file data30.tsv (TSV, C-alpha atoms)
chain	number	residue	atom	x	y	z
B	1	MET	CA	-5.13	11.28	-6.20
B	2	LYS	CA	-8.57	12.00	-4.72
B	3	PHE	CA	-11.51	9.62	-4.93
B	4	VAL	CA	-14.99	9.76	-3.47
B	5	GLY	CA	-16.83	6.63	-2.40
B	6	ILE	CA	-20.62	6.54	-2.60
B	7	VAL	CA	-22.47	4.31	-0.14
B	8	GLY	CA	-25.22	2.79	-2.27
B	9	SER	CA	-27.57	2.33	0.69
B	10	ASN	CA	-29.49	4.65	2.98
B	11	ALA	CA	-29.58	2.05	5.78
B	12	ASP	CA	-28.00	2.90	9.13
B	13	GLN	CA	-26.11	-0.41	9.12
B	14	SER	CA	-24.49	-1.19	5.79
B	15	TYR	CA	-21.75	-3.64	4.84
B	16	ASN	CA	-21.10	-1.50	1.77
B	17	ARG	CA	-20.35	1.45	4.03
B	18	MET	CA	-18.01	-0.83	5.99
B	19	LEU	CA	-16.33	-1.86	2.75
B	20	LEU	CA	-15.69	1.75	1.69
B	21	GLU	CA	-14.45	2.70	5.15
B	22	TYR	CA	-12.08	-0.27	5.04
B	23	ILE	CA	-10.78	0.83	1.62
B	24	ARG	CA	-10.31	4.37	2.94
B	25	ARG	CA	-8.21	3.16	5.88
B	26	GLN	CA	-6.34	0.28	4.29
B	27	PHE	CA	-5.23	1.99	1.09
B	28	LYS	CA	-4.74	5.58	2.26
B	29	ILE	CA	-1.18	5.58	0.90
B	30	LYS	CA	-2.42	4.84	-2.62
B	31	PHE	CA	-5.14	7.51	-2.75
B	32	GLU	CA	-7.36	9.74	-0.63
B	33	LEU	CA	-10.94	8.50	-0.32
B	34	GLU	CA	-13.86	10.51	1.04
B	35	VAL	CA	-16.97	8.44	1.81
B	36	LEU	CA	-20.26	10.09	0.80
B	37	GLU	CA	-23.77	9.21	1.97
B	38	ILE	CA	-27.05	9.30	0.03
B	39	LYS	CA	-29.35	9.21	3.09
B	40	ASP	CA	-30.63	12.76	2.65
B	41	VAL	CA	-31.18	12.67	-1.11
B	42	PRO	CA	-34.91	13.06	-1.86
B	43	MET	CA	-36.81	10.61	-4.05
B	44	PHE	CA	-36.46	11.61	-7.69
B	45	ASN	CA	-39.40	13.52	-9.11
B	46	GLN	CA	-38.82	15.73	-12.14
B	47	ASP	CA	-42.02	17.64	-11.37
B	48	ASP	CA	-40.43	18.80	-8.11
B	49	ASP	CA	-36.92	19.91	-9.08
B	50	GLN	CA	-34.71	19.70	-6.01
B	51	THR	CA	-31.32	19.80	-7.69
B	52	ASP	CA	-30.47	22.92	-5.64
B	53	CYS	CA	-30.97	21.17	-2.30
B	54	PHE	CA	-27.92	20.76	-0.04
B	55	ALA	CA	-27.67	16.96	-0.31
B	56	ILE	CA	-27.63	16.91	-4.12
B	57	GLN	CA	-25.37	19.94	-4.49
B	58	TYR	CA	-22.95	18.41	-1.99
B	59	LEU	CA	-22.69	15.19	-4.00
B	60	TYR	CA	-22.45	17.12	-7.26
B	61	ASN	CA	-19.57	19.29	-6.06
B	62	LYS	CA	-17.67	16.41	-4.46
B	63	ILE	CA	-17.99	14.16	-7.52
B	64	THR	CA	-17.09	16.97	-9.91
B	65	ARG	CA	-13.78	17.64	-8.18
B	66	ALA	CA	-12.83	13.99	-7.58
B	67	ASP	CA	-10.36	12.19	-9.82
B	68	GLY	CA	-12.52	9.08	-9.64
B	69	VAL	CA	-15.57	7.55	-7.96
B	70	ILE	CA	-16.00	4.20	-6.22
B	71	ILE	CA	-19.62	3.12	-5.82
B	72	ALA	CA	-20.39	0.38	-3.29
B	73	THR	CA	-23.76	-1.11	-4.15
B	74	PRO	CA	-25.89	-3.62	-2.27
B	75	GLU	CA	-28.16	-5.96	-4.20
B	76	HIS	CA	-31.93	-5.73	-3.65
B	77	ASN	CA	-34.09	-8.02	-5.76
B	78	HIS	CA	-31.31	-8.50	-8.32
B	79	THR	CA	-30.73	-4.76	-8.73
B	80	ILE	CA	-29.45	-1.64	-6.97
B	81	THR	CA	-31.30	0.10	-4.15
B	82	PRO	CA	-34.07	2.65	-4.83
B	83	ALA	CA	-31.99	5.23	-2.94
B	84	LEU	CA	-28.99	4.79	-5.25
B	85	LYS	CA	-31.17	4.78	-8.38
B	86	SER	CA	-32.86	8.01	-7.24
B	87	THR	CA	-29.48	9.61	-6.56
B	88	LEU	CA	-28.23	8.73	-10.04
B	89	GLU	CA	-31.46	10.12	-11.53
B	90	TRP	CA	-30.87	13.49	-9.84
B	91	LEU	CA	-27.23	13.48	-10.94
B	92	SER	CA	-28.20	12.98	-14.58
B	93	TYR	CA	-31.27	15.26	-14.71
B	94	ARG	CA	-29.91	18.83	-14.70
B	95	LEU	CA	-26.52	18.11	-13.16
B	96	ASN	CA	-24.04	15.79	-14.85
B	97	PRO	CA	-21.01	15.26	-12.58
B	98	PHE	CA	-20.43	11.71	-13.87
B	99	THR	CA	-19.76	12.78	-17.46
B	100	ASP	CA	-16.36	11.31	-18.43
B	101	LYS	CA	-15.69	10.51	-14.76
B	102	PRO	CA	-13.82	7.24	-14.03
B	103	VAL	CA	-16.00	4.97	-11.89
B	104	MET	CA	-15.25	1.66	-10.15
B	105	ILE	CA	-18.03	-0.55	-8.80
B	106	VAL	CA	-17.69	-2.71	-5.70
B	107	GLY	CA	-20.30	-4.40	-3.58
B	108	ALA	CA	-20.97	-6.53	-0.53
B	109	SER	CA	-23.94	-8.75	0.21
B	110	TYR	CA	-25.03	-11.61	2.44
B	111	TYR	CA	-24.93	-14.20	-0.33
B	112	ASP	CA	-22.20	-16.12	-2.14
B	113	GLN	CA	-22.46	-14.23	-5.43
B	114	GLY	CA	-21.95	-10.86	-3.79
B	115	THR	CA	-23.67	-8.13	-5.79
B	116	SER	CA	-23.01	-9.49	-9.28
B	117	ARG	CA	-26.44	-8.77	-10.77
B	118	ALA	CA	-26.70	-5.33	-9.16
B	119	GLN	CA	-23.27	-4.47	-10.55
B	120	VAL	CA	-24.29	-5.48	-14.07
B	121	HIS	CA	-27.38	-3.27	-13.78
B	122	LEU	CA	-25.37	-0.37	-12.34
B	123	ARG	CA	-22.89	-0.53	-15.22
B	124	LYS	CA	-25.76	-0.13	-17.69
B	125	ILE	CA	-27.08	2.88	-15.78
B	126	LEU	CA	-23.66	4.55	-15.64
B	127	ASP	CA	-23.29	4.06	-19.40
B	128	ALA	CA	-26.69	5.66	-20.13
B	129	PRO	CA	-27.03	9.03	-21.91
B	130	GLY	CA	-27.07	11.75	-19.29
B	131	VAL	CA	-24.77	9.81	-16.98
B	132	ASN	CA	-21.94	9.01	-19.41
B	133	ALA	CA	-19.46	7.73	-16.85
B	134	PHE	CA	-16.27	5.89	-17.78
B	135	THR	CA	-16.82	2.64	-15.89
B	136	LEU	CA	-13.77	0.42	-15.55
B	137	PRO	CA	-14.54	-2.75	-17.55
B	138	GLY	CA	-14.31	-6.06	-15.68
B	139	ASN	CA	-12.28	-5.60	-12.50
B	140	GLU	CA	-15.28	-6.69	-10.42
B	141	PHE	CA	-14.96	-6.89	-6.66
B	142	LEU	CA	-17.81	-8.93	-5.20
B	143	LEU	CA	-17.72	-9.49	-1.45
B	144	GLY	CA	-20.03	-12.34	-0.55
B	145	LYS	CA	-21.07	-13.55	2.90
B	146	ALA	CA	-20.51	-10.05	4.22
B	147	LYS	CA	-21.62	-10.94	7.75
B	148	GLU	CA	-18.62	-13.24	8.14
B	149	ALA	CA	-16.20	-11.19	5.98
B	150	PHE	CA	-15.36	-8.45	8.53
B	151	ASP	CA	-13.83	-8.68	11.99
B	152	LYS	CA	-15.07	-6.61	14.96
B	153	ASN	CA	-12.87	-3.68	13.86
B	154	GLY	CA	-14.37	-3.55	10.38
B	155	ASN	CA	-11.37	-5.12	8.66
B	156	ILE	CA	-11.67	-7.80	5.98
B	157	ILE	CA	-10.52	-11.09	7.49
B	158	SER	CA	-9.38	-13.02	4.42
B	159	GLN	CA	-5.94	-11.89	3.24
B	160	ASN	CA	-6.57	-13.37	-0.20
B	161	THR	CA	-9.64	-11.17	-0.47
B	162	VAL	CA	-7.59	-8.14	0.63
B	163	LYS	CA	-4.94	-8.89	-2.01
B	164	PHE	CA	-7.57	-9.22	-4.73
B	165	LEU	CA	-9.23	-5.96	-3.63
B	166	GLU	CA	-5.84	-4.25	-3.75
B	167	SER	CA	-5.21	-5.49	-7.28
B	168	CYS	CA	-8.62	-4.17	-8.38
B	169	LEU	CA	-7.89	-0.79	-6.81
B	170	ASP	CA	-4.43	-0.65	-8.41
B	171	ASN	CA	-6.08	-1.27	-11.78
B	172	PHE	CA	-8.53	1.55	-11.09
B	173	VAL	CA	-5.72	3.97	-10.18
B	174	LYS	CA	-4.05	3.19	-13.51
B	175	TYR	CA	-7.38	3.54	-15.31
B	176	VAL	CA	-7.96	6.98	-13.76
B	177	GLY	CA	-4.50	8.03	-14.92
B	178	VAL	CA	-5.33	7.04	-18.50
B	179	VAL	CA	-8.85	8.53	-18.52
B	180	SER	CA	-7.67	11.82	-17.00
B	181	GLN	CA	-5.55	12.38	-20.12
B	182	LEU	CA	-8.81	12.60	-22.07
B	183	LYS	CA	-10.51	14.96	-19.63
B	184	LYS	CA	-11.41	18.36	-21.01
B	185	PRO	CA	-11.46	21.15	-18.41
B	186	LYS	CA	-14.59	23.22	-18.12
B	187	PRO	CA	-14.35	26.42	-20.18
B	188	ILE	CA	-13.50	29.43	-18.05
B	189	GLU	CA	-16.07	32.22	-18.15
B	190	PRO	CA	-14.96	35.86	-17.79
B	191	GLU	CA	-14.31	36.64	-14.12
B	192	ASP	CA	-15.79	39.72	-12.49
B	193	LEU	CA	-12.68	41.03	-10.71
B	194	ASP	CA	-14.61	44.20	-9.71
B	195	CYS	CA	-16.62	42.41	-6.97
B	196	GLY	CA	-19.82	43.18	-8.85
B	197	HIS	CA	-21.81	40.21	-7.56
B	198	PRO	CA	-22.15	40.54	-3.77
B	199	ILE	CA	-22.36	37.32	-1.78
B	200	ALA	CA	-23.89	36.58	1.62
B	201	THR	CA	-20.78	37.76	3.47
B	202	THR	CA	-20.20	40.91	1.42
B	203	ILE	CA	-20.25	44.03	3.61
B	204	GLU	CA	-22.37	46.55	1.72
B	205	GLY	CA	-22.07	50.30	2.07
B	206	VAL	CA	-18.28	50.49	2.14
B	207	ASP	CA	-16.26	50.98	-1.04
B	208	PRO	CA	-13.95	47.95	-1.40
B	209	ASP	CA	-11.14	50.20	-2.57
B	210	ASP	CA	-11.41	52.57	0.39
B	211	PRO	CA	-7.94	52.48	2.05
B	212	ASN	CA	-9.75	52.48	5.43
B	213	TRP	CA	-12.05	49.62	4.42
B	214	LEU	CA	-11.04	47.40	7.34
B	215	GLU	CA	-11.89	49.94	10.04
B	216	LYS	CA	-15.12	51.09	8.38
B	217	ALA	CA	-16.35	47.59	7.54
B	218	ALA	CA	-15.50	46.26	11.01
B	219	LYS	CA	-17.44	49.11	12.61
B	220	LYS	CA	-20.43	48.58	10.33
B	221	VAL	CA	-20.81	44.89	11.25
B	222	GLU	CA	-19.67	45.34	14.88
B	223	ALA	CA	-16.83	42.87	14.36
B	224	VAL	CA	-15.42	41.29	17.52
B	225	GLU	CA	-11.79	41.74	18.52
B	226	GLY	CA	-9.44	41.38	21.46
B	227	ASN	CA	-10.23	38.64	23.98
B	228	THR	CA	-13.65	37.79	22.54
B	229	TYR	CA	-13.87	34.03	21.97
B	230	VAL	CA	-14.53	32.51	18.56
B	231	LYS	CA	-15.82	28.92	18.38
B	232	LEU	CA	-14.15	27.09	15.49
B	233	ASP	CA	-14.80	23.61	14.09
B	234	LYS	CA	-12.07	22.09	16.21
B	235	GLY	CA	-11.19	24.71	18.78
B	236	LEU	CA	-12.05	27.73	20.87
B	237	LEU	CA	-9.76	30.76	20.53
B	238	THR	CA	-9.90	34.45	21.20
B	239	VAL	CA	-9.46	36.86	18.31
B	240	ASP	CA	-6.06	37.81	19.74
B	241	GLN	CA	-5.04	34.15	19.82
B	242	LEU	CA	-6.20	33.70	16.22
B	243	ASN	CA	-4.09	36.66	15.15
B	244	MET	CA	-1.06	35.32	17.02
B	245	PHE	CA	-1.59	31.88	15.55
B	246	LEU	CA	-1.86	33.12	11.96
B	247	ASN	CA	0.99	35.62	12.28
B	248	ALA	CA	3.26	32.88	13.67
B	249	MET	CA	2.78	30.76	10.55
B	250	PRO	CA	6.03	30.34	8.58
B	251	PHE	CA	4.13	31.39	5.46
B	252	GLU	CA	2.54	34.48	4.01
B	253	LEU	CA	-1.19	33.76	3.86
B	254	THR	CA	-3.97	35.55	1.97
B	255	PHE	CA	-7.69	35.03	1.43
B	256	THR	CA	-9.88	36.24	-1.44
B	257	ASP	CA	-13.61	35.39	-1.34
B	258	ASP	CA	-15.68	34.07	-4.24
B	259	ASN	CA	-16.75	37.62	-5.10
B	260	ASN	CA	-13.05	38.28	-5.85
B	261	GLN	CA	-12.62	40.63	-2.89
B	262	PHE	CA	-9.24	40.52	-1.12
B	263	LEU	CA	-10.10	40.17	2.58
B	264	TYR	CA	-7.05	39.09	4.57
B	265	TYR	CA	-3.30	38.71	4.81
B	266	ASN	CA	-1.15	37.69	7.77
B	267	ASN	CA	2.32	38.90	8.82
B	268	SER	CA	0.96	42.43	9.02
B	269	HIS	CA	3.80	43.17	11.48
B	270	GLN	CA	6.40	42.43	8.80
B	271	ASP	CA	8.10	45.08	6.70
B	272	PRO	CA	6.29	44.89	3.34
B	273	GLU	CA	9.60	45.29	1.54
B	274	THR	CA	10.84	41.98	3.02
B	275	MET	CA	7.72	40.01	2.04
B	276	LEU	CA	7.84	37.62	-0.89
B	277	GLY	CA	4.38	38.90	-1.86
B	278	LYS	CA	4.28	42.57	-0.86
B	279	ARG	CA	1.02	43.57	0.83
B	280	LEU	CA	-0.15	46.72	2.54
B	281	PRO	CA	-3.00	47.38	5.03
B	282	GLU	CA	-4.86	49.43	2.43
B	283	HIS	CA	-5.08	46.35	0.17
B	284	VAL	CA	-7.53	44.67	2.57
B	285	GLY	CA	-11.08	44.77	1.23
B	286	GLY	CA	-9.94	45.73	-2.25
B	287	ARG	CA	-11.17	44.50	-5.58
B	288	LEU	CA	-8.85	42.11	-7.42
B	289	SER	CA	-9.15	44.37	-10.45
B	290	THR	CA	-7.68	47.22	-8.38
B	291	LEU	CA	-4.95	45.10	-6.77
B	292	HIS	CA	-3.85	43.99	-10.22
B	293	GLY	CA	-4.52	47.35	-11.88
B	294	SER	CA	-0.93	47.70	-13.04
B	295	LEU	CA	-1.11	44.51	-15.13
B	296	SER	CA	-1.62	44.49	-18.87
B	297	PRO	CA	-4.95	43.14	-20.20
B	298	ALA	CA	-3.18	39.96	-21.29
B	299	ARG	CA	-1.79	39.40	-17.80
B	300	MET	CA	-5.16	40.18	-16.23
B	301	LYS	CA	-6.48	37.28	-18.29
B	302	ASN	CA	-4.02	35.07	-16.47
B	303	VAL	CA	-5.42	36.25	-13.14
B	304	GLU	CA	-8.87	35.32	-14.45
B	305	TRP	CA	-7.52	31.95	-15.52
B	306	VAL	CA	-6.26	31.12	-12.02
B	307	VAL	CA	-9.55	32.14	-10.40
B	308	GLY	CA	-11.68	30.45	-13.07
B	309	THR	CA	-9.68	27.24	-12.98
B	310	LEU	CA	-10.19	26.94	-9.23
B	311	ARG	CA	-13.83	28.08	-9.38
B	312	ASN	CA	-14.65	25.47	-12.04
B	313	GLY	CA	-12.94	22.68	-10.15
B	314	ASN	CA	-10.62	22.00	-13.10
B	315	GLN	CA	-7.86	21.93	-10.46
B	316	GLU	CA	-7.93	22.25	-6.68
B	317	TYR	CA	-4.74	24.27	-6.60
B	318	VAL	CA	-2.34	26.16	-8.85
B	319	ARG	CA	1.34	26.30	-7.91
B	320	THR	CA	4.12	28.51	-9.23
B	321	ILE	CA	7.79	29.09	-8.50
B	322	VAL	CA	8.73	32.72	-9.10
B	323	PRO	CA	12.06	33.20	-10.90
B	324	GLY	CA	14.62	35.96	-10.57
B	325	THR	CA	15.22	35.57	-6.84
B	326	PRO	CA	18.59	35.14	-5.07
B	327	PRO	CA	20.01	31.59	-4.85
B	328	GLU	CA	18.92	31.27	-1.21
B	329	VAL	CA	15.25	31.86	-2.13
B	330	ILE	CA	12.77	29.59	-3.93
B	331	ASN	CA	9.70	31.83	-4.00
B	332	THR	CA	6.75	29.41	-4.00
B	333	HIS	CA	3.07	30.37	-4.40
B	334	ASN	CA	0.20	27.94	-3.83
B	335	TYR	CA	-3.34	29.04	-4.73
B	336	GLN	CA	-5.83	26.68	-3.07
B	337	ALA	CA	-9.58	26.56	-3.72
B	338	MET	CA	-11.83	26.82	-0.64
B	339	TYR	CA	-15.35	25.45	-0.36
B	340	TYR	CA	-18.64	26.19	1.37
B	341	PRO	CA	-20.30	23.40	3.41
B	342	ASN	CA	-22.22	22.24	0.32
B	343	GLY	CA	-18.96	21.88	-1.59
B	344	SER	CA	-19.33	24.92	-3.86
B	345	PHE	CA	-16.45	27.35	-4.46
B	346	ALA	CA	-15.90	29.82	-1.60
B	347	GLY	CA	-12.72	31.62	-2.62
B	348	ILE	CA	-8.96	31.17	-2.67
B	349	ASN	CA	-6.34	30.97	0.01
B	350	GLU	CA	-2.78	31.63	-1.07
B	351	ILE	CA	0.34	30.40	0.69
B	352	ILE	CA	3.64	32.07	-0.18
B	353	PHE	CA	6.90	30.83	1.29
B	354	ASN	CA	10.59	30.37	0.67
B	355	PHE	CA	10.91	26.66	-0.08
B	356	LYS	CA	14.73	26.72	-0.01
B	357	PRO	CA	15.25	26.38	3.80
B	358	TRP	CA	12.73	23.51	3.91
B	359	LEU	CA	14.46	21.80	1.00
B	360	ASP	CA	17.92	22.27	2.52
B	361	TRP	CA	16.70	20.87	5.85
B	362	TYR	CA	15.14	17.83	4.19
B	363	LEU	CA	18.24	17.07	2.12
B	364	LYS	CA	20.49	17.41	5.18
B	365	GLU	CA	18.26	15.19	7.34
B	366	THR	CA	18.01	12.46	4.70
B	367	GLY	CA	21.55	12.70	3.37
B	368	GLN	CA	20.30	13.32	-0.17
B	369	SER	CA	21.17	15.91	-2.79
B	370	LEU	CA	19.47	17.34	-5.83
B	371	VAL	CA	20.42	16.02	-9.24
B	372	GLY	CA	22.52	18.74	-10.84
B	373	GLY	CA	23.09	20.38	-7.48
B	374	LYS	CA	20.55	23.19	-7.74
B	375	ALA	CA	16.85	23.75	-7.29
B	376	PRO	CA	14.55	23.89	-10.32
B	377	GLN	CA	13.21	27.23	-11.46
B	378	MET	CA	9.96	27.76	-13.33
B	379	PRO	CA	9.19	31.08	-14.96
B	380	ALA	CA	6.21	33.13	-13.82
B	381	HIS	CA	5.36	36.80	-13.47
B	382	VAL	CA	4.37	38.29	-10.15
B	383	ASP	CA	2.54	41.50	-9.42
B	384	ALA	CA	4.74	43.12	-6.78
B	385	SER	CA	1.90	45.05	-5.15
B	386	SER	CA	-0.24	42.03	-4.33
B	387	GLY	CA	1.96	39.00	-4.84
B	388	ALA	CA	-0.49	37.45	-7.29
B	389	SER	CA	1.23	35.26	-9.84
B	390	GLU	CA	0.67	35.32	-13.55
B	391	VAL	CA	0.38	31.80	-14.90
B	392	THR	CA	0.72	31.53	-18.65
B	393	THR	CA	0.14	27.80	-19.11
B	394	VAL	CA	-0.47	24.99	-16.67
B	395	ALA	CA	0.29	21.35	-17.39
B	396	THR	CA	-1.35	18.88	-15.02
B	397	ASP	CA	0.16	15.59	-13.97
B	398	ALA	CA	-2.62	13.11	-14.79
B	399	ASN	CA	-1.74	10.83	-11.92
B	400	SER	CA	-1.52	13.33	-9.10
B	401	GLY	CA	-3.29	16.46	-10.30
B	402	ALA	CA	-0.16	18.46	-9.51
B	403	SER	CA	0.33	21.52	-11.66
B	404	GLU	CA	3.37	22.95	-13.34
B	405	ALA	CA	3.20	26.62	-14.26
B	406	TYR	CA	5.15	27.76	-17.29
call {"tool": "encode", "arguments": {"input": "data30.tsv", "output": "structure tokens"}}
result
Amino acid sequence: MKFVGIVGSNADQSYNRMLLEYIRRQFKIKFELEVLEIKDVPMFNQDDDQTDCFAIQYLYNKITRADGVIIATPEHNHTITPALKSTLEWLSYRLNPFTDKPVMIVGASYYDQGTSRAQVHLRKILDAPGVNAFTLPGNEFLLGKAKEAFDKNGNIISQNTVKFLESCLDNFVKYVGVVSQLKKPKPIEPEDLDCGHPIATTIEGVDPDDPNWLEKAAKKVEAVEGNTYVKLDKGLLTVDQLNMFLNAMPFELTFTDDNNQFLYYNNSHQDPETMLGKRLPEHVGGRLSTLHGSLSPARMKNVEWVVGTLRNGNQEYVRTIVPGTPPEVINTHNYQAMYYPNGSFAGINEIIFNFKPWLDWYLKETGQSLVGGKAPQMPAHVDASSGASEVTTVATDANSGASEAY
């Protein structure tokens, strides 16, 4: 379960930030929490629409995809901060990520009563038309005397307070599970699988379906190769090292950008006939409509469904197990949404692997066995030329977001 926590202050030093960071560390087994800042959100002014700015789009995308939101609010003059109020104004003006979103309110302040009055005010705002959040009733966590509440490592000192906070968070997890049953996914618009809407990284002037697209496109943009270094977020590798690294992965990997252009697959040294998702060099650069050209219109709709579901943020991944394989193979496909720095959809990476050896290893190491003695199989249809899976229906586990493909 994924939550985002919003720091309701733009101050450099904030006990509400400390509170969210403590929740993130202390309860990481219960849920994943990403702490978001509002420092860079401009003051609300409907005459100067800035809903497309990075700071607002980032919050919008993160909140949209989260299972729930925890807002940590200070109390200024018996109410919330101007920075938090302005942020909520932007996120209810043209964008509405809080609609039907489960929200929990917490707060820390210097005084005995914590942020009680600010929390009451914030609940009214979240219930307002245009915001329409599902705020968990009651379940208030008010951390008073915040200066004395934390130790030097940012941990809450009082174990009774920790236990009460945990009970509030457990209630919120249950609440999210109930509310998610009511969530309606965004309707999926028709997908342009012909790459008809070029994006910033689209290489113009080369036909995507040209079997020599890779060589021609690389020449056009003077792509680096060999021992040229590439600086990554957390590393420095040469192109050759990147290729070795990716080809050594125990998975088949692919990448399709948000213009639905198929741009990469690893294991290019492998015999295509032995791959779980058969791919060929001439597939690189191709349109999804061409890669799936052999599918019926009904099955192409399923391809659109997978892309649209991930693009809309209805799910962060779609998983399938492909039937009809030998007993020693559990052919597993995971389609994972990727995101630009501002949190918007950037394409799909796919991981294909035989889950059976991993399962056998785990059962042997732990001394366990499967009930019934055999692995589960879920029906799906796979396009043999590209490995893309047809998903007819997907049922989502409300508690975890995990998908089952039927």
call {"tool": "closest_atom_pairs", "arguments": {"input": "data30.tsv", "of": "segment 7-82 of chain B", "to": "segment 126-134 of chain B", "cutoff": "12 Å", "atoms": "only C-alpha atoms", "output": "tab-separated table"}}
result
residue	atom	partner	partner_atom	distance
B:Ile63	CA	B:Ala133	CA	11.4
B:Thr64	CA	B:Ala133	CA	11.8
B:Asp67	CA	B:Phe134	CA	11.7
B:Gly68	CA	B:Phe134	CA	9.5
B:Val69	CA	B:Ala133	CA	9.7
B:Ile70	CA	B:Phe134	CA	11.7
B:Ile71	CA	B:Leu126	CA	10.7
call {"tool": "closest_residue", "arguments": {"input": "data30.tsv", "among": "B:Gln26, B:Gln181, B:Asn302, B:Gln13", "to": "Asn155 of chain B", "atoms": "only C-alpha atoms"}}
result
B:Gln26
call {"tool": "closest_residue", "arguments": {"input": "data30.tsv", "among": "B:Ala346, B:Leu143, B:Ala337, B:Val176", "to": "Gly114 of chain B", "atoms": "all atoms listed in the file"}}
result
B:Leu143
call {"tool": "closest_residue", "arguments": {"input": "data30.tsv", "among": "B:Val41, B:Leu88, B:Leu276, B:Ile156", "to": "Ile125 of chain B", "atoms": "all atoms listed in the file"}}
result
B:Leu88
call {"tool": "residues_near_point", "arguments": {"input": "data30.tsv", "point": "(-25.6, 17.6, -13.5)", "cutoff": "10 Å", "atoms": "all atoms listed in the file", "output": "JSON, numbers by chain"}}
result
{"B": [51, 56, 57, 60, 61, 64, 88, 89, 90, 91, 92, 93, 94, 95, 96, 97, 98, 99, 130, 131]}
call {"tool": "atom_distance", "arguments": {"input": "data30.tsv", "atom1": "atom CA of Lys174 of chain B", "atom2": "atom CA of Lys101 of chain B"}}
result
13.8 Å
call {"tool": "residues_around", "arguments": {"input": "data30.tsv", "residues": "segment 183-200 of chain B", "least_positions_apart": "3", "cutoff": "10 Å", "atoms": "all atoms listed in the file", "output": "ChimeraX atom specification"}}
result
/B:99-101,178-180,203-204,208-209,257-262,286-292,300-301,303-315,346,398
call {"tool": "atom_distance", "arguments": {"input": "data30.tsv", "atom1": "atom CA of Val106 of chain B", "atom2": "atom CA of Asn45 of chain B"}}
result
27.3 Å
call {"tool": "residues_around", "arguments": {"input": "data30.tsv", "residues": "Asn10 of chain B", "least_positions_apart": "6", "cutoff": "12 Å", "atoms": "all atoms listed in the file", "output": "PyMOL selection string"}}
result
chain B and resi 16-17+36-43+72-74+80-87
call {"tool": "write_last_selection", "arguments": {"input": "data30.tsv", "atoms": "C-alpha atoms", "output": "PDB file, in the frame of the given file"}}
result
ATOM      1  CA  ASN B  16     -21.100  -1.500   1.770  1.00  0.00           C
ATOM      2  CA  ARG B  17     -20.350   1.450   4.030  1.00  0.00           C
ATOM      3  CA  LEU B  36     -20.260  10.090   0.800  1.00  0.00           C
ATOM      4  CA  GLU B  37     -23.770   9.210   1.970  1.00  0.00           C
ATOM      5  CA  ILE B  38     -27.050   9.300   0.030  1.00  0.00           C
ATOM      6  CA  LYS B  39     -29.350   9.210   3.090  1.00  0.00           C
ATOM      7  CA  ASP B  40     -30.630  12.760   2.650  1.00  0.00           C
ATOM      8  CA  VAL B  41     -31.180  12.670  -1.110  1.00  0.00           C
ATOM      9  CA  PRO B  42     -34.910  13.060  -1.860  1.00  0.00           C
ATOM     10  CA  MET B  43     -36.810  10.610  -4.050  1.00  0.00           C
ATOM     11  CA  ALA B  72     -20.390   0.380  -3.290  1.00  0.00           C
ATOM     12  CA  THR B  73     -23.760  -1.110  -4.150  1.00  0.00           C
ATOM     13  CA  PRO B  74     -25.890  -3.620  -2.270  1.00  0.00           C
ATOM     14  CA  ILE B  80     -29.450  -1.640  -6.970  1.00  0.00           C
ATOM     15  CA  THR B  81     -31.300   0.100  -4.150  1.00  0.00           C
ATOM     16  CA  PRO B  82     -34.070   2.650  -4.830  1.00  0.00           C
ATOM     17  CA  ALA B  83     -31.990   5.230  -2.940  1.00  0.00           C
ATOM     18  CA  LEU B  84     -28.990   4.790  -5.250  1.00  0.00           C
ATOM     19  CA  LYS B  85     -31.170   4.780  -8.380  1.00  0.00           C
ATOM     20  CA  SER B  86     -32.860   8.010  -7.240  1.00  0.00           C
ATOM     21  CA  THR B  87     -29.480   9.610  -6.560  1.00  0.00           C
TER      22      THR B  87
END
call {"tool": "closest_residue", "arguments": {"input": "data30.tsv", "among": "B:Gly285, B:Leu59, B:Thr115, B:Asn171", "to": "Val4 of chain B", "atoms": "all atoms listed in the file"}}
result
B:Leu59
call {"tool": "residues_around", "arguments": {"input": "data30.tsv", "residues": "Gln113 of chain B", "least_positions_apart": "5", "cutoff": "9 Å", "atoms": "all atoms listed in the file", "output": "ChimeraX atom specification"}}
result
/B:142-145
call {"tool": "residues_around", "arguments": {"input": "data30.tsv", "residues": "Tyr22 of chain B", "least_positions_apart": "4", "cutoff": "12 Å", "atoms": "only C-alpha atoms", "output": "list in words"}}
result
Gly5, Tyr15, Asn16, Arg17, Met18, Gln26, Phe27, Lys28, Leu33, Glu34, Val35, Ala72, Ala149, Phe150, Asp151, Asn153, Gly154, Asn155, Ile156, Ile157, Val162, Leu165 and Glu166 of chain B
call {"tool": "closest_residue", "arguments": {"input": "data30.tsv", "among": "B:Leu182, B:Ile105, B:Ala223, B:Leu263", "to": "Thr202 of chain B", "atoms": "only C-alpha atoms"}}
result
B:Leu263
call {"tool": "atom_distance", "arguments": {"input": "data30.tsv", "atom1": "atom CA of Asp170 of chain B", "atom2": "atom CA of Ser158 of chain B"}}
result
18.5 Å
